[in-house]
Structure formats: C-alpha cells, structure tokens
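K.L.:
Sending over final.cif (mmCIF, C-alpha atoms and all ligand atoms).
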```
data_structure
loop_
_atom_site.label_atom_id
_atom_site.label_comp_id
_atom_site.auth_asym_id
_atom_site.auth_seq_id
_atom_site.Cartn_x
_atom_site.Cartn_y
_atom_site.Cartn_z
CA MET R 19 -17.28 11.99 -12.40
CA ASP R 20 -15.62 15.13 -11.28
CA ALA R 21 -14.05 14.53 -7.84
CA ALA R 22 -15.10 17.94 -6.47
CA THR R 23 -18.76 17.24 -7.30
CA PHE R 24 -18.48 13.79 -5.79
CA ILE R 25 -17.09 15.11 -2.50
CA ARG R 26 -19.64 17.92 -2.33
CA THR R 27 -22.54 15.55 -3.06
CA LEU R 28 -21.43 13.10 -0.36
CA ARG R 29 -21.03 15.89 2.18
CA GLU R 30 -24.44 17.31 1.32
CA ALA R 31 -25.88 13.85 1.95
CA SER R 32 -24.25 13.98 5.43
CA PHE R 33 -21.38 11.60 4.64
CA SER R 34 -18.12 12.78 6.20
CA PRO R 35 -15.29 12.73 7.17
CA PHE R 36 -13.18 10.82 4.63
CA MET R 37 -10.41 8.34 5.48
CA GLY R 38 -8.55 5.46 3.90
CA VAL R 39 -5.54 4.08 2.06
CA PRO R 40 -4.88 5.12 -1.56
CA CYS R 41 -5.63 3.28 -4.78
CA SER R 42 -4.81 4.92 -8.11
CA VAL R 43 -8.54 4.82 -8.95
CA PHE R 44 -9.06 7.43 -6.20
CA THR R 45 -6.13 9.72 -7.09
CA PRO R 46 -8.28 12.72 -8.18
CA LEU R 47 -10.45 12.29 -5.07
CA ILE R 48 -7.55 12.02 -2.62
CA ASP R 49 -5.61 14.87 -4.26
CA LEU R 50 -8.59 17.11 -3.71
CA LEU R 51 -9.25 15.94 -0.16
CA ALA R 52 -5.58 16.51 0.70
CA ALA R 53 -5.68 19.99 -0.83
CA SER R 54 -8.71 21.25 1.10
CA PRO R 55 -7.48 22.00 4.61
CA GLY R 56 -10.97 22.68 5.97
CA GLY R 57 -12.40 19.30 5.00
CA GLU R 58 -11.64 16.53 7.43
CA HIS R 59 -9.52 13.82 5.80
CA TYR R 60 -7.38 11.13 7.43
CA VAL R 61 -4.62 9.22 5.65
CA CYS R 62 -4.54 5.83 7.35
CA THR R 63 -1.78 3.23 7.45
CA SER R 64 -4.07 0.27 6.74
CA GLU R 65 -7.64 -0.27 5.69
CA GLY R 66 -8.32 -2.08 8.97
CA GLU R 67 -7.16 0.95 10.87
CA ALA R 68 -9.41 3.14 8.71
CA MET R 69 -12.36 0.97 9.73
CA GLY R 70 -11.45 1.47 13.39
CA LEU R 71 -11.29 5.23 12.83
CA ALA R 72 -14.64 5.12 11.05
CA GLY R 73 -16.06 3.24 14.05
CA GLY R 74 -15.03 6.12 16.30
CA PHE R 75 -16.71 8.67 14.03
CA ALA R 76 -19.85 6.54 13.85
CA LEU R 77 -19.99 6.35 17.65
CA ALA R 78 -19.76 10.14 17.63
CA GLY R 79 -22.80 10.30 15.34
CA SER R 80 -21.12 10.80 11.94
CA LEU R 81 -21.53 8.87 8.71
CA PRO R 82 -17.86 8.30 7.82
CA VAL R 83 -16.54 7.49 4.34
CA VAL R 84 -13.74 4.92 4.00
CA TYR R 85 -11.97 4.57 0.65
CA MET R 86 -9.87 1.51 -0.13
CA GLN R 87 -8.57 -0.61 -2.96
CA ASN R 88 -10.32 -3.97 -3.19
CA ASP R 89 -6.93 -5.53 -2.41
CA GLY R 90 -7.17 -3.63 0.89
CA PHE R 91 -10.73 -4.79 1.48
CA GLY R 92 -9.12 -7.94 2.90
CA ASN R 93 -7.56 -5.82 5.64
CA ALA R 94 -10.92 -4.22 6.34
CA VAL R 95 -12.85 -7.48 6.71
CA ASN R 96 -11.80 -8.10 10.29
CA PRO R 97 -13.06 -4.83 11.77
CA LEU R 98 -15.97 -4.83 9.33
CA SER R 99 -17.15 -8.17 10.71
CA SER R 100 -16.35 -7.69 14.38
CA LEU R 101 -16.72 -3.92 14.79
CA GLN R 102 -19.11 -2.35 12.29
CA LEU R 103 -21.37 -5.39 11.87
CA LEU R 104 -21.17 -6.43 15.51
CA TYR R 105 -21.94 -3.05 17.08
CA ARG R 106 -23.99 -1.86 14.12
CA LEU R 107 -21.94 1.17 13.20
CA PRO R 108 -22.66 2.72 9.79
CA ALA R 109 -20.10 3.78 7.18
CA LEU R 110 -19.95 4.33 3.46
CA LEU R 111 -17.23 2.18 1.90
CA LEU R 112 -15.74 3.27 -1.42
CA ILE R 113 -14.06 0.17 -2.83
CA SER R 114 -12.14 0.33 -6.10
CA TRP R 115 -12.75 -2.53 -8.49
CA ARG R 116 -9.30 -3.55 -9.62
CA GLY R 117 -9.23 -6.81 -11.55
CA GLU R 118 -12.79 -6.40 -12.76
CA PRO R 119 -13.54 -9.59 -14.73
CA GLY R 120 -13.09 -9.07 -18.46
CA LEU R 121 -10.78 -6.05 -18.08
CA LYS R 122 -6.99 -6.06 -18.21
CA ASP R 123 -5.26 -5.33 -14.91
CA ALA R 124 -2.17 -6.32 -12.94
CA PRO R 125 -2.15 -9.98 -11.84
CA GLN R 126 -2.36 -9.26 -8.11
CA HIS R 127 -5.93 -8.04 -8.56
CA ARG R 128 -7.30 -11.14 -10.29
CA VAL R 129 -8.60 -13.06 -7.27
CA MET R 130 -10.16 -10.13 -5.41
CA GLY R 131 -11.57 -8.73 -8.64
CA ILE R 132 -13.65 -11.88 -8.94
CA ALA R 133 -14.39 -12.41 -5.24
CA LEU R 134 -15.33 -8.90 -4.10
CA ARG R 135 -19.07 -8.95 -4.71
CA GLY R 136 -19.43 -12.47 -3.30
CA LEU R 137 -17.57 -11.44 -0.14
CA LEU R 138 -19.83 -8.44 0.34
CA ASP R 139 -22.86 -10.70 -0.16
CA GLN R 140 -21.52 -13.20 2.38
CA LEU R 141 -20.99 -10.41 4.90
CA GLN R 142 -24.44 -9.02 4.13
CA VAL R 143 -23.04 -5.63 3.22
CA PRO R 144 -25.29 -4.16 0.52
CA TYR R 145 -23.49 -2.46 -2.37
CA ARG R 146 -23.89 -0.73 -5.69
CA VAL R 147 -21.50 -0.63 -8.59
CA LEU R 148 -21.48 3.12 -9.22
CA GLU R 149 -22.55 4.07 -12.71
CA ASP R 150 -21.37 7.33 -14.28
CA GLY R 151 -23.22 10.56 -13.80
CA ALA R 152 -24.76 12.74 -11.12
CA ALA R 153 -28.18 11.08 -11.22
CA ALA R 154 -26.70 7.62 -10.56
CA LEU R 155 -24.70 9.03 -7.64
CA ASP R 156 -27.75 10.74 -6.15
CA GLN R 157 -29.77 7.55 -6.37
CA ALA R 158 -27.00 5.43 -4.85
CA LEU R 159 -26.61 7.93 -2.01
CA VAL R 160 -30.29 7.83 -1.14
CA GLN R 161 -30.04 4.04 -0.90
CA ALA R 162 -26.81 4.20 1.13
CA ARG R 163 -28.16 6.79 3.56
CA ASP R 164 -31.41 4.89 4.08
CA HIS R 165 -29.45 1.74 4.80
CA CYS R 166 -27.01 3.48 7.16
CA ARG R 167 -29.92 5.09 9.04
CA THR R 168 -32.24 2.08 9.24
CA ALA R 169 -29.87 -0.92 9.46
CA SER R 170 -27.07 1.15 11.01
CA THR R 171 -24.38 -0.90 9.21
CA PRO R 172 -22.04 -0.13 6.29
CA PHE R 173 -23.05 0.26 2.66
CA ALA R 174 -20.50 -0.08 -0.15
CA PHE R 175 -19.99 1.65 -3.49
CA ILE R 176 -17.86 -0.37 -5.90
CA ILE R 177 -15.94 2.06 -8.07
CA ARG R 178 -14.57 1.13 -11.46
CA LYS R 179 -11.25 2.23 -12.93
CA GLY R 180 -11.72 5.55 -14.70
CA TYR R 181 -14.81 6.56 -12.67
CA PHE R 182 -13.11 9.76 -11.51
CA ALA R 183 -12.09 12.20 -14.21
CA PRO R 184 -8.40 13.07 -13.96
CA GLY R 185 -7.93 16.18 -11.85
CA LYS R 186 -5.29 18.85 -11.77
CA LYS R 187 -2.15 17.26 -10.37
CA PRO R 188 -0.88 19.01 -7.26
CA ALA R 189 2.36 20.90 -7.91
CA ALA R 190 5.28 18.48 -7.66
CA PRO R 191 7.61 19.29 -4.79
CA GLU R 192 10.74 21.04 -5.97
CA ALA R 193 13.46 18.60 -6.91
CA GLY R 194 15.46 18.36 -3.73
CA VAL R 195 18.92 17.20 -2.95
CA LEU R 196 17.81 13.63 -2.31
CA CYS R 197 18.40 10.87 -4.87
CA GLN R 198 15.82 8.52 -6.29
CA ARG R 199 15.21 4.90 -5.38
CA LEU R 200 16.68 3.38 -8.53
CA ASP R 201 20.12 4.89 -7.90
CA TYR R 202 20.27 2.95 -4.65
CA ILE R 203 18.70 -0.25 -5.97
CA GLN R 204 21.24 -0.53 -8.76
CA LEU R 205 24.14 0.02 -6.36
CA LEU R 206 22.74 -2.57 -4.01
CA ALA R 207 22.21 -5.14 -6.78
CA ALA R 208 25.78 -4.58 -7.98
CA ALA R 209 27.23 -4.92 -4.47
CA ALA R 210 25.24 -7.99 -3.41
CA ASP R 211 26.95 -11.40 -3.50
CA ALA R 212 25.70 -13.67 -6.26
CA GLY R 213 24.04 -15.92 -3.67
CA ASP R 214 22.17 -13.14 -1.86
CA VAL R 215 18.42 -12.67 -2.09
CA LEU R 216 16.88 -9.30 -3.03
CA LEU R 217 13.19 -8.91 -2.27
CA GLY R 218 11.18 -5.92 -3.53
CA ALA R 219 7.93 -4.71 -2.01
CA THR R 220 4.67 -3.89 -3.73
CA GLY R 221 5.04 -0.39 -5.15
CA PHE R 222 8.03 0.87 -7.06
CA SER R 223 10.76 -0.90 -5.06
CA GLY R 224 9.70 -4.26 -6.43
CA ARG R 225 9.01 -3.02 -9.93
CA GLU R 226 12.36 -1.26 -10.26
CA LEU R 227 14.19 -4.26 -8.79
CA GLN R 228 12.52 -6.57 -11.29
CA GLN R 229 12.90 -4.27 -14.28
CA TYR R 230 16.29 -2.69 -13.85
CA THR R 231 18.53 -5.26 -12.20
CA LEU R 232 19.82 -8.57 -13.43
CA HIS R 233 20.44 -10.06 -10.00
CA GLN R 234 19.40 -13.71 -10.20
CA GLY R 235 18.03 -14.11 -6.70
CA ARG R 236 15.44 -11.35 -6.85
CA PHE R 237 11.75 -11.47 -6.16
CA TYR R 238 9.03 -8.87 -6.65
CA MET R 239 6.14 -9.30 -4.24
CA MET R 240 3.47 -7.50 -6.22
CA GLY R 241 0.53 -7.67 -3.81
CA SER R 242 0.11 -8.43 -0.10
CA MET R 243 1.17 -4.93 0.84
CA GLY R 244 3.25 -4.80 4.03
CA CYS R 245 4.01 -8.53 4.14
CA LEU R 246 7.49 -8.41 2.59
CA PRO R 247 9.55 -8.07 5.82
CA ALA R 248 7.80 -11.15 7.24
CA LEU R 249 8.37 -13.06 4.00
CA GLY R 250 12.03 -12.03 4.25
CA LEU R 251 12.21 -13.32 7.81
CA GLY R 252 10.90 -16.71 6.70
CA LEU R 253 13.41 -16.96 3.87
CA ALA R 254 16.27 -15.74 6.05
CA ALA R 255 15.47 -18.39 8.65
CA ARG R 256 15.83 -21.16 6.06
CA HIS R 257 18.82 -19.70 4.20
CA SER R 258 21.13 -18.55 6.92
CA ARG R 259 24.21 -18.47 4.66
CA ARG R 260 22.64 -15.98 2.28
CA THR R 261 22.00 -12.34 3.09
CA VAL R 262 18.35 -11.48 2.53
CA PHE R 263 17.71 -7.85 1.55
CA VAL R 264 14.18 -6.55 2.06
CA LEU R 265 13.55 -3.46 -0.11
CA ASP R 266 10.58 -1.76 1.49
CA GLY R 267 8.48 1.40 0.98
CA ASP R 268 7.24 3.71 3.73
CA GLY R 269 3.57 3.04 2.90
CA ALA R 270 4.14 -0.71 2.92
CA LEU R 271 6.14 -0.69 6.16
CA LEU R 272 3.57 1.52 7.90
CA MET R 273 0.84 -0.90 6.90
CA LYS R 274 2.42 -3.64 9.00
CA LEU R 275 4.79 -1.79 11.29
CA GLY R 276 4.49 -4.73 13.68
CA SER R 277 6.95 -6.59 11.42
CA LEU R 278 9.70 -4.50 12.98
CA ALA R 279 8.81 -6.00 16.36
CA THR R 280 8.74 -9.55 14.99
CA ILE R 281 12.08 -9.20 13.20
CA GLY R 282 13.56 -7.39 16.21
CA HIS R 283 12.46 -10.27 18.40
CA TYR R 284 13.78 -13.13 16.23
CA ARG R 285 16.87 -11.20 15.12
CA PRO R 286 17.79 -13.00 11.90
CA GLY R 287 21.56 -12.54 11.58
CA ASN R 288 21.38 -12.41 7.77
CA LEU R 289 18.63 -9.87 7.09
CA VAL R 290 19.08 -6.30 5.87
CA HIS R 291 15.90 -4.21 5.84
CA VAL R 292 16.20 -1.24 3.51
CA LEU R 293 13.41 1.31 3.70
CA PHE R 294 13.02 3.65 0.70
CA ASP R 295 11.21 6.54 2.30
CA ASN R 296 9.73 9.08 -0.13
CA GLN R 297 6.97 9.94 2.37
CA ALA R 298 4.40 9.04 -0.25
CA TYR R 299 2.38 6.28 -1.86
CA GLU R 300 4.17 7.02 -5.08
CA SER R 301 3.03 4.07 -7.15
CA THR R 302 -0.67 4.85 -6.60
CA GLY R 303 -0.34 8.50 -7.53
CA GLY R 304 2.02 10.06 -5.00
CA GLN R 305 -0.45 10.67 -2.19
CA PRO R 306 1.38 11.72 1.00
CA SER R 307 1.86 9.05 3.67
CA VAL R 308 2.15 9.78 7.39
CA ALA R 309 5.91 9.06 7.26
CA PRO R 310 7.11 12.67 7.70
CA GLY R 311 8.34 13.08 11.22
CA ILE R 312 8.72 9.37 11.95
CA ASP R 313 12.17 8.39 13.13
CA PHE R 314 12.14 4.90 11.62
CA CYS R 315 15.63 4.06 12.92
CA ALA R 316 14.50 4.84 16.45
CA VAL R 317 11.46 2.59 15.97
CA ALA R 318 13.66 -0.24 14.62
CA ARG R 319 16.06 0.22 17.54
CA ALA R 320 13.24 0.15 20.06
CA CYS R 321 11.93 -3.03 18.41
CA GLY R 322 15.24 -4.83 18.85
CA TYR R 323 17.20 -4.39 15.60
CA PRO R 324 20.80 -4.29 16.83
CA ALA R 325 21.92 -1.87 14.09
CA GLN R 326 20.34 0.99 12.16
CA GLU R 327 21.62 3.50 9.59
CA GLU R 328 20.25 6.76 8.20
CA VAL R 329 21.21 7.35 4.57
CA SER R 330 20.46 10.40 2.46
CA SER R 331 23.30 10.38 -0.06
CA ILE R 332 24.93 7.98 -2.48
CA PRO R 333 28.45 8.28 -0.99
CA ARG R 334 27.06 7.36 2.42
CA PHE R 335 25.25 4.36 0.91
CA LYS R 336 28.42 3.19 -0.83
CA GLU R 337 30.32 3.35 2.46
CA LEU R 338 27.62 1.32 4.11
CA LEU R 339 27.65 -1.31 1.36
CA ALA R 340 31.42 -1.62 1.59
CA ALA R 341 31.20 -2.30 5.32
CA LEU R 342 28.09 -4.45 5.22
CA ALA R 343 29.70 -7.80 5.95
CA GLY R 344 30.96 -6.58 9.31
CA ARG R 345 27.71 -4.99 10.47
CA ALA R 346 25.42 -6.49 13.10
CA LYS R 347 22.14 -7.82 11.70
CA PRO R 348 19.25 -7.53 11.31
CA LEU R 349 20.35 -4.16 10.04
CA PHE R 350 17.77 -1.46 9.35
CA VAL R 351 18.66 1.14 6.72
CA HIS R 352 16.45 4.20 6.41
CA VAL R 353 17.12 5.70 2.98
CA ARG R 354 15.55 9.10 2.42
CA ILE R 355 14.68 9.53 -1.25
CA GLN R 356 12.68 11.89 -3.40
CA CYS R 357 9.83 10.66 -5.57
CA GLY R 358 10.72 9.71 -9.11
CA THR R 359 10.92 6.58 -11.21
CA PRO R 360 11.95 6.11 -14.84
CA ALA R 361 9.20 7.27 -17.21
CA GLY R 362 7.11 4.40 -18.53
CA LEU R 363 8.31 1.91 -15.90
CA PRO R 364 6.71 -1.25 -17.29
CA ARG R 365 5.04 -3.99 -15.33
CA PRO R 366 6.99 -7.25 -15.36
CA GLU R 367 6.50 -9.69 -18.21
CA GLN R 368 6.95 -12.72 -15.96
CA SER R 369 3.89 -14.21 -14.29
CA PRO R 370 3.84 -14.46 -10.48
CA GLU R 371 4.28 -18.25 -10.79
CA GLN R 372 7.32 -17.70 -13.01
CA MET R 373 8.83 -15.36 -10.43
CA ARG R 374 8.22 -17.95 -7.74
CA ASP R 375 9.80 -20.70 -9.86
CA ASP R 376 12.83 -18.52 -10.67
CA LEU R 377 13.46 -17.75 -7.01
CA MET R 378 12.96 -21.35 -5.89
CA ALA R 379 15.31 -22.63 -8.61
CA PHE R 380 17.87 -20.05 -7.48
CA LEU R 381 17.56 -21.12 -3.84
CA ASP R 382 17.67 -24.84 -4.65
C1 LIG K 1 -3.74 -3.86 1.24
C2 LIG K 1 -3.45 -2.93 0.11
N1 LIG K 1 -3.88 -1.65 0.19
C3 LIG K 1 -3.62 -0.79 -0.82
C4 LIG K 1 -2.93 -1.23 -1.93
C5 LIG K 1 -2.68 -0.27 -3.08
N2 LIG K 1 -1.27 0.07 -3.16
C6 LIG K 1 -0.39 -0.59 -3.96
S1 LIG K 1 1.13 0.02 -3.92
C7 LIG K 1 0.66 1.21 -2.82
C8 LIG K 1 1.62 2.27 -2.37
C9 LIG K 1 2.83 1.73 -1.68
O1 LIG K 1 3.49 2.82 -1.09
P1 LIG K 1 4.99 2.70 -0.62
O2 LIG K 1 5.17 1.44 0.15
O3 LIG K 1 5.36 3.94 0.07
O4 LIG K 1 5.81 2.51 -1.97
P2 LIG K 1 5.94 3.48 -3.26
O5 LIG K 1 4.64 3.39 -3.97
O6 LIG K 1 6.24 4.85 -2.78
O7 LIG K 1 7.04 2.84 -4.05
C10 LIG K 1 -0.69 1.10 -2.49
C11 LIG K 1 -1.41 1.98 -1.56
C12 LIG K 1 -2.52 -2.57 -1.95
N3 LIG K 1 -1.82 -3.10 -2.97
N4 LIG K 1 -2.80 -3.39 -0.93
#
```
Using structure tokens, write down the structure that the file contains.
Ligand SMILES: Cc1ncc(C[n+]2csc(CCOP(=O)(O)OP(=O)(O)O)c2C)c(N)n1
P.N.:
Amino acid sequence: MDAATFIRTLREASFSPFMGVPCSVFTPLIDLLAASPGGEHYVCTSEGEAMGLAGGFALAGSLPVVYMQNDGFGNAVNPLSSLQLLYRLPALLLISWRGEPGLKDAPQHRVMGIALRGLLDQLQVPYRVLEDGAAALDQALVQARDHCRTASTPFAFIIRKGYFAPGKKPAAPEAGVLCQRLDYIQLLAAAADAGDVLLGATGFSGRELQQYTLHQGRFYMMGSMGCLPALGLGLAARHSRRTVFVLDGDGALLMKLGSLATIGHYRPGNLVHVLFDNQAYESTGGQPSVAPGIDFCAVARACGYPAQEEVSSIPRFKELLAALAGRAKPLFVHVRIQCGTPAGLPRPEQSPEQMRDDLMAFLD
C-alpha cells in the first residue's frame, strides 16, 4: 500500500489527525506525515500519551488515528481501558504486527506477536488484520467508521510488516560536526573498569554495545523501551562497588522521563546515565523525536542528579572519562550525536536468556 493513498483514504473517511510512536513498519507513513506541514501530526513520547491526546481530539469531535508498534500497545492498554473504553471515546488504532507467528522477527516481539489479538478480544476492541489493496482498506474503513460512530469506542487495524510500500526517504541531514554513538561507546567500554556494568537501551545504543564491545559486564535490553534507567537503578542498588553505566537514547528516555525523578530521588552513588541524543528514533527509521530544544541536563538537575555534563566532542568526552572517579553521582551525561551506525549492524546472536545468564555470571 502506498502511504500517500493510505493517508488520503483515511482522511476522506474522516479519520484525522494522526499521532503515535514510531515502528519501522510505519516508516513510509510517518515520513510522509512529517513532510506534510498542513496535515496535523503529533509525535508522542509514549503510546499511552498518544491515547490521551487521542481522547482530547475525540472529545473535540474528531476521529483520531493512533499508530503504535504492538510492543507499545502495552503502554496504550491503560488509557485504552480507563479512558477510551470508560468514557466511550472513538479512535482508529494502527497496530503493527511484529512477531507475527510463523514469521522471523527479533525476540522481543515474540510474546506480544502471539498475544495481541487475544488482548484486543479481551478488551472488546474489534479489529481487522489489514489485507493488501485499496478495496480491502475501503472495506475495513467502513467497518471502523461504523463502529466508531455507533459504539463510540476504538477500532484497530493490525498491520503486517511490509504492508506499506517503501517511500522516498527524506533527505538525510547534512553530516554535521557531531560524532556518532559508536565512537563514544567504544571509548566508554575501553575506559570502564573490568568490574563495571554497561547497560544498553533498546535501539542502537544496546545493539552497538553488544556488537562492538568486548566488555564482559554488558547487557542489551532489547525491548521494554524506556525501562533501562530503572533497571540500572535496581542493579546499582545491589552492586554499590561497581559503577553502573546506563546508555540511553532520547526516544527511550522521553518515553519514561519520570525515571530521572526516581533516580534523582534515590541518588545511587554509582550510576552514570549517558544519553545519546540524536533527536531521532534512529533504529525504527530515523523519525524525528521531540528532543530538539530540550535541555536534558537542566531536567536532570531539577530532578535531583547532583552532577550533569554536556558533551558534543570526543576530546570533551575523554576528559570526562578521565575524571569520572572523582565526579558526584548519579552523573547525567548528555551526549549530542548525529545519526549513523555501522552499515549492516547485525542483531545479536545470543538469546535474551543467554544475555541474562552472562550478566548474572559476571555479577556473581
Ligand atoms: C513501547 C515501545 N514503543 C515503540 C517501540 C519501537 N521502538 C524500538 S526502538 C525505538 C526507537 C528508540 O529511539 P531512541 O531511544 O532515540 O534510540 P535510537 O533508535 O535513536 O538508537 C522504537 C520507537 C518499542 N520497542 N517499544
């Protein structure tokens, strides 16, 4: 399906505006939405927030469209159950079907890939798995609009990988003066003590950490987007003699920005929170995040981190690493990077259980 036709058909059927959190399945759709200034489109920090936003539009008489990965459907369930279904507020949910049974996908999608339809059934949200072609879309839209108008609650389209035909990629921003994430990750892995723990978030931080460093105490948290700082806090509390490094992305941190408040409150004296800020959801196709303009160090400071650092060059990062032992912690490091990861960055060969076992053996 061509994304432009899809958007036009939804709008003609009165569904708009669009909002959500990216999944690579929606890249052609989001690229187009982002490129058309006239069409209302909201990039949200979490799927739950997108549902709240959709609730506002529904109260104002619109039929909003919320796109999300099925992994993010978990975040949407709370407002879905106690906002949309409680107050009877309609919406069209576009849910990607990662981990579709029988198809190969990354391990973090396995459970939700199986559970998605059952969860929708349990919540009494009617859905259709969208088949290819304009006729199938027209039919599904008639059903969705009837449901939204009569029942006044959400209807879901489940969207398979490859449903949207690849679109024209937006022009890449000019290579700037900023470095890429991997330059920093390799320096950090080389500077860390052998006993330190390096945790990488969902997205490219975790994948690069896993693929391109040999540090023994490393862990790639491949799903549960936004939960890494909290996981780091738990580990840091139990391993106070090790420094725990949390390698975060702007999209992941924004999804659970409240972690800054929790860490700032409990103040683990052995945690270093490194944010790789490329102002984009790079690993799902480079869609822009709402990071531009956010002073993350100021947020961390206001949340109680006793120390913060802005970094936008390698020499500055090296200085920081050399002085790390003497710095107050939790330390927040905002590293400004440009998008870019080695071509063909593979997914890890180890299973999630293997990664868990490796880390636990290291910590033992
Ligand atoms: C709850 C949830 N929503 C959406 C996704 C899909 N997803 C995986 S990685 C990612 C982007 C992460 O962005 P960022 O933290 O900025 O890291 P980057 O991709 O730039 O390395 C998204 C949206 C997900 N895994 N989980």
K.L.:
Out of R:Gln161, R:Gln198, R:Ser307, R:Asn93, which residue has the shortest atom-to-atom distance to Tyr60 (chain R) when counting only C-alpha atoms?
P.N.:
R:Ser307
K.L.:
Ligand LIG 1 (chain K), all listed atoms, 4 Å padding on each side: what axis-aligned box centre and edge lengths in Å to one decimal come out, as lines of an AutoDock Vina configuration file?
P.N.:
```
center_x = 1.6
center_y = 0.5
center_z = -1.4
size_x = 18.9
size_y = 16.7
size_z = 13.3
```
K.L.:
For Pro306 (chain R), which residue among R:Phe36, R:Cys62, R:Gln142, R:Leu253 is the nearest when counting only C-alpha atoms?
P.N.:
R:Cys62
K.L.:
Using all atoms listed in the file, what table do you get, as a tab-separated table, when you list each residue of chain R with an atom no more than 7 Å from ligand LIG 1 (chain K), its nearest pair of atoms, and their distance in Å rounded to one decimal, rows by chain then rising number?
P.N.:
```
residue	atom	partner	partner_atom	distance
R:Val39	CA	K:LIG1	C11	5.9
R:Pro40	CA	K:LIG1	C11	4.7
R:Cys41	CA	K:LIG1	C5	4.9
R:Ser64	CA	K:LIG1	N1	6.8
R:Glu65	CA	K:LIG1	N1	6.8
R:Met86	CA	K:LIG1	C3	6.7
R:Gln87	CA	K:LIG1	C3	5.4
R:Asp89	CA	K:LIG1	N4	4.9
R:Gly90	CA	K:LIG1	C1	3.5
R:Gly92	CA	K:LIG1	C1	7.0
R:Asn93	CA	K:LIG1	C1	6.1
R:Thr220	CA	K:LIG1	S1	5.3
R:Gly221	CA	K:LIG1	O7	4.0
R:Phe222	CA	K:LIG1	O7	3.7
R:Ser223	CA	K:LIG1	O7	5.4
R:Gly241	CA	K:LIG1	N3	5.2
R:Ser242	CA	K:LIG1	N4	5.9
R:Met243	CA	K:LIG1	N4	4.6
R:Asp266	CA	K:LIG1	O2	6.4
R:Gly267	CA	K:LIG1	O2	3.4
R:Asp268	CA	K:LIG1	O3	4.1
R:Gly269	CA	K:LIG1	O3	3.5
R:Ala270	CA	K:LIG1	O2	3.7
R:Leu271	CA	K:LIG1	O2	6.4
R:Asp295	CA	K:LIG1	O3	6.8
R:Asn296	CA	K:LIG1	O6	6.1
R:Gln297	CA	K:LIG1	O3	6.6
R:Ala298	CA	K:LIG1	O3	5.2
R:Tyr299	CA	K:LIG1	O1	3.7
R:Glu300	CA	K:LIG1	O6	3.8
R:Ser301	CA	K:LIG1	O5	3.6
R:Thr302	CA	K:LIG1	C7	5.4
```
K.L.:
In Å, with one decimal, what is the gap from CA of Gly57 (chain R) to CA of Ser32 (chain R)?
P.N.:
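So the two atoms, CA of Gly57 (chain R) and CA of Ser32 (chain R), lie 13.0 Å apart.
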K.L.:
For CA of Tyr238 (chain R) and CA of Phe91 (chain R), determine how far apart the two atoms are, in Å to one decimal place.
P.N.:
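Taking CA of Tyr238 (chain R) as the start and CA of Phe91 (chain R) as the end point, the length is 21.8 Å.
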